[in-house]
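Colleague: One structure, as structure tokens, below. Some questions next.
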There are 4 protein chains.
Amino acid sequence: MPNSFGKLFTITTWGESHGACIGVVVDGCPPLLPLAAEEIQAELDRRRPGQSDITTPRNEPDRVEIVSGVFEGKTTGAPIAMLVRNADQRPAAYDDMREKFRPSHADFTYQAKYGIRDHRGGGRSSARETIGRVAAGAIAKKLLASKNAGAEIRAYVTRIHDIAMPADLVMTGANTPPLPFPAQTEIEANAVRCPHAPTAAAMIERIKQMRAAGDSVGGIIQCRVRGVPAGLGEPVFDRLEADLAKAMLSLPATKGFEIGSGFAGTLLTGSEHNDAWLVNEGHAHTATNRSGGVQGGISNGEEIFFNVAFKPTATIAQAQRTIDLRGAPTELVGRGRHDPCVLPRAVPIVEAMTALVLADHLMRQHAQNDTFKF
Amino acid sequence: MPNSFGKLFTITTWGESHGACIGVVVDGCPPLLPLAAEEIQAELDRRRPGQSDITTPRNEPDRVEIVSGVFEGKTTGAPIAMLVRNADQRPAAYDDMREKFRPSHADFTYQAKYGIRDHRGGGRSSARETIGRVAAGAIAKKLLASKNAGAEIRAYVTRIHDIAMPADLVMTGANTPPLPFPAQTEIEANAVRCPHAPTAAAMIERIKQMRAAGDSVGGIIQCRVRGVPAGLGEPVFDRLEADLAKAMLSLPATKGFEIGSGFAGTLLTGSEHNDAWLVNEGHAHTATNRSGGVQGGISNGEEIFFNVAFKPTATIAQAQRTIDLRGAPTELVGRGRHDPCVLPRAVPIVEAMTALVLADHLMRQHAQNDTFKF
Amino acid sequence: MPNSFGKLFTITTWGESHGACIGVVVDGCPPLLPLAAEEIQAELDRRRPGQSDITTPRNEPDRVEIVSGVFEGKTTGAPIAMLVRNADQRPAAYDDMREKFRPSHADFTYQAKYGIRDHRGGGRSSARETIGRVAAGAIAKKLLASKNAGAEIRAYVTRIHDIAMPADLVMTGANTPPLPFPAQTEIEANAVRCPHAPTAAAMIERIKQMRAAGDSVGGIIQCRVRGVPAGLGEPVFDRLEADLAKAMLSLPATKGFEIGSGFAGTLLTGSEHNDAWLVNEGHAHTATNRSGGVQGGISNGEEIFFNVAFKPTATIAQAQRTIDLRGAPTELVGRGRHDPCVLPRAVPIVEAMTALVLADHLMRQHAQNDTFKF
Amino acid sequence: MPNSFGKLFTITTWGESHGACIGVVVDGCPPLLPLAAEEIQAELDRRRPGQSDITTPRNEPDRVEIVSGVFEGKTTGAPIAMLVRNADQRPAAYDDMREKFRPSHADFTYQAKYGIRDHRGGGRSSARETIGRVAAGAIAKKLLASKNAGAEIRAYVTRIHDIAMPADLVMTGANTPPLPFPAQTEIEANAVRCPHAPTAAAMIERIKQMRAAGDSVGGIIQCRVRGVPAGLGEPVFDRLEADLAKAMLSLPATKGFEIGSGFAGTLLTGSEHNDAWLVNEGHAHTATNRSGGVQGGISNGEEIFFNVAFKPTATIAQAQRTIDLRGAPTELVGRGRHDPCVLPRAVPIVEAMTALVLADHLMRQHAQNDTFKF
């Protein structure tokens, strides 16, 4: 089931950019969770197009309907189906792409794999597919916030192109004292979703410059999670970081994932890198957190944090060399309405995928370790 | 099944560092594949301890037995069980670890998750578990080399600590002209498995220094795959890069994964980053390969390449602060026989996991696209 | 994923009897299959309520919409989402059931499991859920009919209450000469879907009597499949008959499954029961077919046939003793519009589930045995 | 993974009749369960060959070794690998079967599917494969007996050929007053495992007659489970009865499954068949139990019971018509040492599979319904 994710809290997404609607089925959601469409909508509004002057002008309200699995305001344990109509469709804008492969897009590969593709706006490969992930992630987030779980997820943009937050405000695991956990309001305070206002202003400026030049940029999103108990993650293959890595690399435009000290940590020696164990107010803690909250594939109770690399948007408003369906060289000028930079809208998507991984692992942990008493 | 990996070509590993044996069950292997224990052994010999003077002195022959699924020299379609006896066990060497948590190891997290742990040599969290992966990967490699597949995988060490191969010999996707595919003999020519001899010599020197200092180092392994047809990968969640990322992050000591242009690619603009399509001798090709052979989660026929970050070995021969089972502060001096640097022996493991992902995806691709004819 | 079925050709159903809609997502369907909503509709019309005077008078057109996965009349390899609006809802008819548990229904068990239930018409436990199965099964049937597959499935009612088809017209595996494969038109010629007209007339009469008496009846459906090649089925657990058994017992109201000689075959000795191998026009065949087309969990190329037992409809129009949500004894008179006998409408559902199992196994067989060439 | 069973408590079996050994890996077993090889052995001794004068004379001690997942007498949460050496191998006894297909065996179908087969004693299709199931089932049974679970499983033979227990001693769901739960000692008191001594004596006699005549017989095993809480089973596909049906039909030689009133229940009307709800000592109960303890796919707290049909053993000591690998007609006289009736040794296997299904569903129920608190 390539369109499903999760073992116990499972989502299945469906729908194309210019089809009738986009949807998701959540299977395995616990019953009795109070749930209203407005709660889902709040997260969808964070990813919807047209939300600011640095995102695509495609104007979609992206209104969600919950069409099953909720009865009198509570989940029932039955699958929760949610759908969003595609409103602002202009498929004619994509006529040129019926025949031509956009460079660094999924056009060629979908054609090679399936022998057919819905070329309109990328079809199934469109980032509109992530609507289903965000809708399902909103439920997972609510589960994680329930009284016996209490995990909080915060993603934000740390770098756009070469414009980066000050190094000492970015988690590396060496941060001593620990960096304060950023408030949601700080992140949502600007269009680029960077919690450091001066950097955010420069990032927005850079994105506007790029769009004006018909070009695009990428960057890095950092995600932090606090309140995750020790014990989540299922060695040896379903390690917590392995499932997070898969979740992130399953997102459009991602090219890299690193947790804790990541790639930079390879420049340290073991004696520099190890996180010493100590006791703080009766609780086991690590003096540093280069592990990123995960050791041996299992959460250790420290904050979990990781970085995700997003490449520059492939769709640009410049002429590019390419080939057509028959293999003849041709030229293509990007049309369609696109984001000059995907990161601002990717922030809630990263959070959603993180929430899905954690909710699933909490259920798995309970199943194996708390079902039977000896 | 947290100890299983793959959807159609599936492996299940079992066993602990100091248990009776380590094993793997391969389910879904095609029938009629000629298979001899010697072929498996050849790969195991590349990961076995004691193979050189920069690896752990633990001396294990790691002889593999195939105990099911092969009849008269050929696979039968039944599950292939393989096992390796643990020979050189010195569990007493680990007595200190029964009570104390080694920093940046899995000791604390296994205890927190399961309420019990086999402390001898890391038990289940030991890298000896990867024996099963390498044995299964040897079969996957053989499948990939079969006449209608023809894929070849080559991993090698590009950096140890801060000693790196010359930048222009490392794949970045911008390499023009394309870098030659390294020969297996070049990589196996030295103990560190770096195909650039002068760099390899410096790396070996650094590892020896570190060991002498009771310290350890990490680094980066690059993996390249050629001969993969366009069309592998299953959007939206089982994207090829997502499954590779999960495979790599499921390995002990890994902290990061990047494919194609990776993290560095975020410093480019879209017009710089896009891989233009062109036709070469009748075949579609990309002018550059910043995509790393994967677009939209599906292979595009170009070389696939990615980097994996390995942290410095957590076990070091220095006194470290830690706590014990009762939460009391204590000190621990690493014992047991360990690798001062895991990368040389991790090279065949990275290759094995890559082979497992690719064999599985080839089978999935065939199932969906070639079973029925319309 | 309790609401998903199949490994490679996978369906996920969602929706409740009186919710907004009922739906299904098909993941893994091969691309390039020509597919129109009318083809799905034809199968849905065979299961829809109100189709004859022996089914529920609930009047639902059950119009299907394909909302993803099909582009310009062909499947694309992307998930196919289909949905049907619930039109004729009269939830007030179920007010009595909010508080009371209907005997031999799922009311008590859903309440016990989830702590909540949608009581309107059975909610998720309603047989309306099978709409999704039939819609997905219509696609599977079309795959099975493709030129290199060629399997044909025919289910029909062999017994209602104690009114049974003549014994020599029912497959038992001992039938010599082989019974002719019934034509679809014979089965669809009457409201009860029994291919023997005189028996069908008596069955219809019995059902009407029962409805008049406020009672209900059950019976047996036999399903036959011809054209299945030898080799389908995946020992040791995913045996073809095991997956068929699961498929049938996952249907509402089913209490039994038997394949080939079934329960009656236990009265024979081995020498009586064994199917001798012989050669017929160059092809291996069995003289009898008590195996039911499956040996060792794998199809042997003979016709596959099995029986499914359906209990009498639990909803009856008579006063019954029961208890309420607080555990107090009470009485309940069945209301809502129900079928006095589920079998006529269950025929296309049995066919759909059979098609889903076979399509999935064909893909699995192809993946394991035809991907690589040695 | 066709050789795996279960979603959370998962087993993977491997091994052939005449290979080096037979084994199983249990993944997902809760940690801290006290476990000794002797406990596993006790169940294996109930299925081992040569245990009485009505079973195969093949003399195998079937000694189990636990080679991973248990540390200092307790499970650790890591996969539990167990293996049994094949001792009494006489592969030459099977030389005739290398070329010829035994009627109603899996010889032809394995050859057709895989293009190769291990002909010695049936290879992978041998019932020796069930050793792994029984070993894993012993662990599941122990979990079910833990203090917060408390479920007890009892299977026994109710009919051999046409020799049946008195009808009023066999569960049908109409039994009023309820039938006492048979004691394990009654069942183990005779070689055929029928709790009614006079019937058992007649059954044994019949089996001996059949063996003397070079023939074989089949029959029916009934399985009862008490102490299962209401709420187990995962609609809509992973209904408890659906998973039990799959478990039973995945066993060699089974041809049918029925739960509760089963096939006979189709002769009743709804008013006769429905199980009225009543309150007994403050607990909800049903007046009758034609549902067999399952309604809507979920356990209702009543006793679960079902019947399984086993065909007569295919291997008989008589000359039979068959064909060889080249399709030429030939004759075959059964050799090898076989059971003239599989049912006595199948009793512990049916129990094992039942335990596996229930343990898995308990974990799933717990995961979905008890992980989060609202």
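By convention here, the chains of the structure tokens are called A, B, ... in the order presented, each chain's residues are numbered starting at 1, and ligands are numbered starting at 1 in the order presented.
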At a cut-off of 10 Å, list the chain A residues touching chain D, using only C-alpha atoms, as a PyMOL selection string.

Modeller: chain A and resi 7-9+28-34+77-79+143-149+234-236+359-360+362-374

Colleague: Extract the full set of alpha helix (DSSP H) residues from region 96-177 of chain D according to DSSP on the backbone, and format it as a PyMOL selection string.

Modeller: chain D and resi 96-99+107-114+130-144

Colleague: Write out as number ranges by chain each polymer residue whose atoms come within 8 Å of region 195-198 of chain B, counting only C-alpha atoms; drop sequence neighbours fewer than 5 positions from it.

Modeller: B: 156-157, 165, 182, 186-190

Colleague: Restricted to N, CA and C atoms, what would the selected residues look like written as a compact mmCIF listing (two decimals), in the first residue's frame?

Modeller:
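Contents of the output file out_21.txt:
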# COMPACT_ATOMS: atom_id res chain seq x y z
N TYR B 156 31.46 3.39 -0.32
CA TYR B 156 32.84 3.61 0.11
C TYR B 156 32.87 4.78 1.08
N VAL B 157 33.96 4.90 1.78
CA VAL B 157 34.12 5.96 2.77
C VAL B 157 34.66 7.22 2.10
N MET B 165 38.01 12.79 1.05
CA MET B 165 38.49 12.63 -0.32
C MET B 165 38.47 13.99 -1.02
N PRO B 182 33.50 3.69 -9.33
CA PRO B 182 34.70 3.10 -8.72
C PRO B 182 34.67 1.58 -8.79
N GLU B 186 39.39 -1.19 -6.08
CA GLU B 186 39.95 0.05 -5.52
C GLU B 186 39.50 0.25 -4.08
N ILE B 187 38.24 -0.08 -3.83
CA ILE B 187 37.67 0.15 -2.50
C ILE B 187 38.23 -0.87 -1.52
N GLU B 188 38.34 -2.10 -1.96
CA GLU B 188 38.81 -3.16 -1.08
C GLU B 188 40.33 -3.16 -0.94
N ALA B 189 40.98 -2.25 -1.65
CA ALA B 189 42.45 -2.23 -1.63
C ALA B 189 43.05 -1.76 -0.31
N ASN B 190 42.23 -1.11 0.50
CA ASN B 190 42.76 -0.68 1.80
C ASN B 190 41.75 -0.95 2.91

Colleague: Considering only C-alpha atoms, state which residue in the set D:Thr10, D:Asn3, D:Thr313, D:Ser126 is at the smallest distance from Val25 (chain B).

Modeller: D:Asn3

Colleague: From a DSSP pass on the backbone, collect the residues of region 96-317 of chain A flagged as strand (DSSP E or B) and hand them back as a PyMOL selection string.

Modeller: chain A and resi 100+152-160+163-164+217+219-226+234+238+254-259+269+277-280+283-286+294-295+298-299+304-310

Colleague: For Lys246 (chain B), work out the shell of residues within 7 Å, counting only C-alpha atoms and skipping chain neighbours fewer than 6 positions away, then give it as a short mmCIF file (atom, residue, chain, number, x, y, z; two decimals) with C-alpha atoms, in the first residue's frame.

Modeller:
data_model
loop_
_atom_site.label_atom_id
_atom_site.label_comp_id
_atom_site.auth_asym_id
_atom_site.auth_seq_id
_atom_site.Cartn_x
_atom_site.Cartn_y
_atom_site.Cartn_z
CA ALA A 242 14.25 5.60 10.68
CA ASP A 243 10.51 6.20 10.59
CA ALA A 245 13.56 9.84 8.03
CA LYS A 246 11.13 7.93 5.86
#

Colleague: Env of Arg98 (chain B): 12 Å cut, atoms = only C-alpha atoms, seq-sep filter 2 positions within chain, self excluded. Answer as a VMD selection string.

Modeller: chain B and resid 91 to 96 100 to 102 107 to 108 111 116 to 123 323 to 326 332

Colleague: Counting only C-alpha atoms, what is within 6 Å of Gly218 (chain A), bar same-chain residues fewer than 3 positions away, as a VMD selection string?

Modeller: (chain A and resid 160 to 161 310 to 312 341) or (chain B and resid 266)

Colleague: Please dump the current selection as an mmCIF file, in the first residue's frame; keep all heavy atoms.

Modeller:
data_model
loop_
_atom_site.group_PDB
_atom_site.id
_atom_site.type_symbol
_atom_site.label_atom_id
_atom_site.label_comp_id
_atom_site.auth_asym_id
_atom_site.auth_seq_id
_atom_site.Cartn_x
_atom_site.Cartn_y
_atom_site.Cartn_z
ATOM 1 N N ILE A 160 16.859 29.843 4.406
ATOM 2 C CA ILE A 160 16.334 29.956 3.044
ATOM 3 C C ILE A 160 17.522 30.347 2.186
ATOM 4 O O ILE A 160 18.162 31.372 2.445
ATOM 5 C CB ILE A 160 15.236 31.045 2.938
ATOM 6 C CG1 ILE A 160 13.985 30.677 3.733
ATOM 7 C CG2 ILE A 160 14.895 31.346 1.474
ATOM 8 C CD1 ILE A 160 13.141 29.582 3.141
ATOM 9 N N HIS A 161 17.813 29.527 1.187
ATOM 10 C CA HIS A 161 18.975 29.808 0.336
ATOM 11 C C HIS A 161 20.171 29.968 1.296
ATOM 12 O O HIS A 161 20.401 29.041 2.081
ATOM 13 C CB HIS A 161 18.707 31.057 -0.504
ATOM 14 C CG HIS A 161 19.525 31.140 -1.763
ATOM 15 N ND1 HIS A 161 19.708 32.320 -2.443
ATOM 16 C CD2 HIS A 161 20.194 30.210 -2.469
ATOM 17 C CE1 HIS A 161 20.448 32.100 -3.515
ATOM 18 N NE2 HIS A 161 20.757 30.826 -3.563
ATOM 19 N N PHE A 310 15.140 20.958 1.908
ATOM 20 C CA PHE A 310 14.214 21.085 0.771
ATOM 21 C C PHE A 310 14.948 21.747 -0.387
ATOM 22 O O PHE A 310 15.523 22.816 -0.228
ATOM 23 C CB PHE A 310 12.999 21.947 1.144
ATOM 24 C CG PHE A 310 12.037 21.282 2.082
ATOM 25 C CD1 PHE A 310 12.288 21.236 3.447
ATOM 26 C CD2 PHE A 310 10.879 20.681 1.603
ATOM 27 C CE1 PHE A 310 11.385 20.620 4.322
ATOM 28 C CE2 PHE A 310 9.982 20.065 2.462
ATOM 29 C CZ PHE A 310 10.228 20.030 3.824
ATOM 30 N N LYS A 311 14.893 21.121 -1.536
ATOM 31 C CA LYS A 311 15.542 21.703 -2.711
ATOM 32 C C LYS A 311 14.751 22.910 -3.204
ATOM 33 O O LYS A 311 13.577 23.081 -2.829
ATOM 34 C CB LYS A 311 15.646 20.638 -3.818
ATOM 35 C CG LYS A 311 14.308 20.237 -4.424
ATOM 36 C CD LYS A 311 14.493 19.311 -5.639
ATOM 37 C CE LYS A 311 13.138 19.044 -6.288
ATOM 38 N NZ LYS A 311 13.233 18.320 -7.554
ATOM 39 N N PRO A 312 15.352 23.750 -4.053
ATOM 40 C CA PRO A 312 14.587 24.854 -4.652
ATOM 41 C C PRO A 312 13.448 24.306 -5.515
ATOM 42 O O PRO A 312 13.606 23.267 -6.168
ATOM 43 C CB PRO A 312 15.629 25.602 -5.486
ATOM 44 C CG PRO A 312 16.798 24.675 -5.638
ATOM 45 C CD PRO A 312 16.777 23.787 -4.439
ATOM 46 N N CYS A 341 9.178 29.269 -3.212
ATOM 47 C CA CYS A 341 9.899 28.574 -2.145
ATOM 48 C C CYS A 341 8.870 27.770 -1.360
ATOM 49 O O CYS A 341 7.865 28.328 -0.888
ATOM 50 C CB CYS A 341 10.588 29.603 -1.225
ATOM 51 S SG CYS A 341 11.458 28.850 0.157
ATOM 52 N N THR B 266 20.524 23.012 -1.090
ATOM 53 C CA THR B 266 19.623 24.078 -0.629
ATOM 54 C C THR B 266 20.255 25.454 -0.788
ATOM 55 O O THR B 266 19.593 26.459 -0.578
ATOM 56 C CB THR B 266 19.254 23.877 0.852
ATOM 57 O OG1 THR B 266 20.456 23.950 1.632
ATOM 58 C CG2 THR B 266 18.631 22.505 1.071
#

Colleague: Which neighbours of Leu244 (chain C) fall inside 10 Å, counting only C-alpha atoms, when residues of the same chain fewer than 5 positions from it are skipped, and could you give them as a ChimeraX atom specification?

Modeller: /C:238-239,249-250,257-259,306,350,353-358 /D:242,245-246,249

Colleague: Taking into account only C-alpha atoms, which residue in the set C:Val294, C:Ala213, C:Ala201, C:Val228 is nearest to Glu241 (chain C)?

Modeller: C:Val294
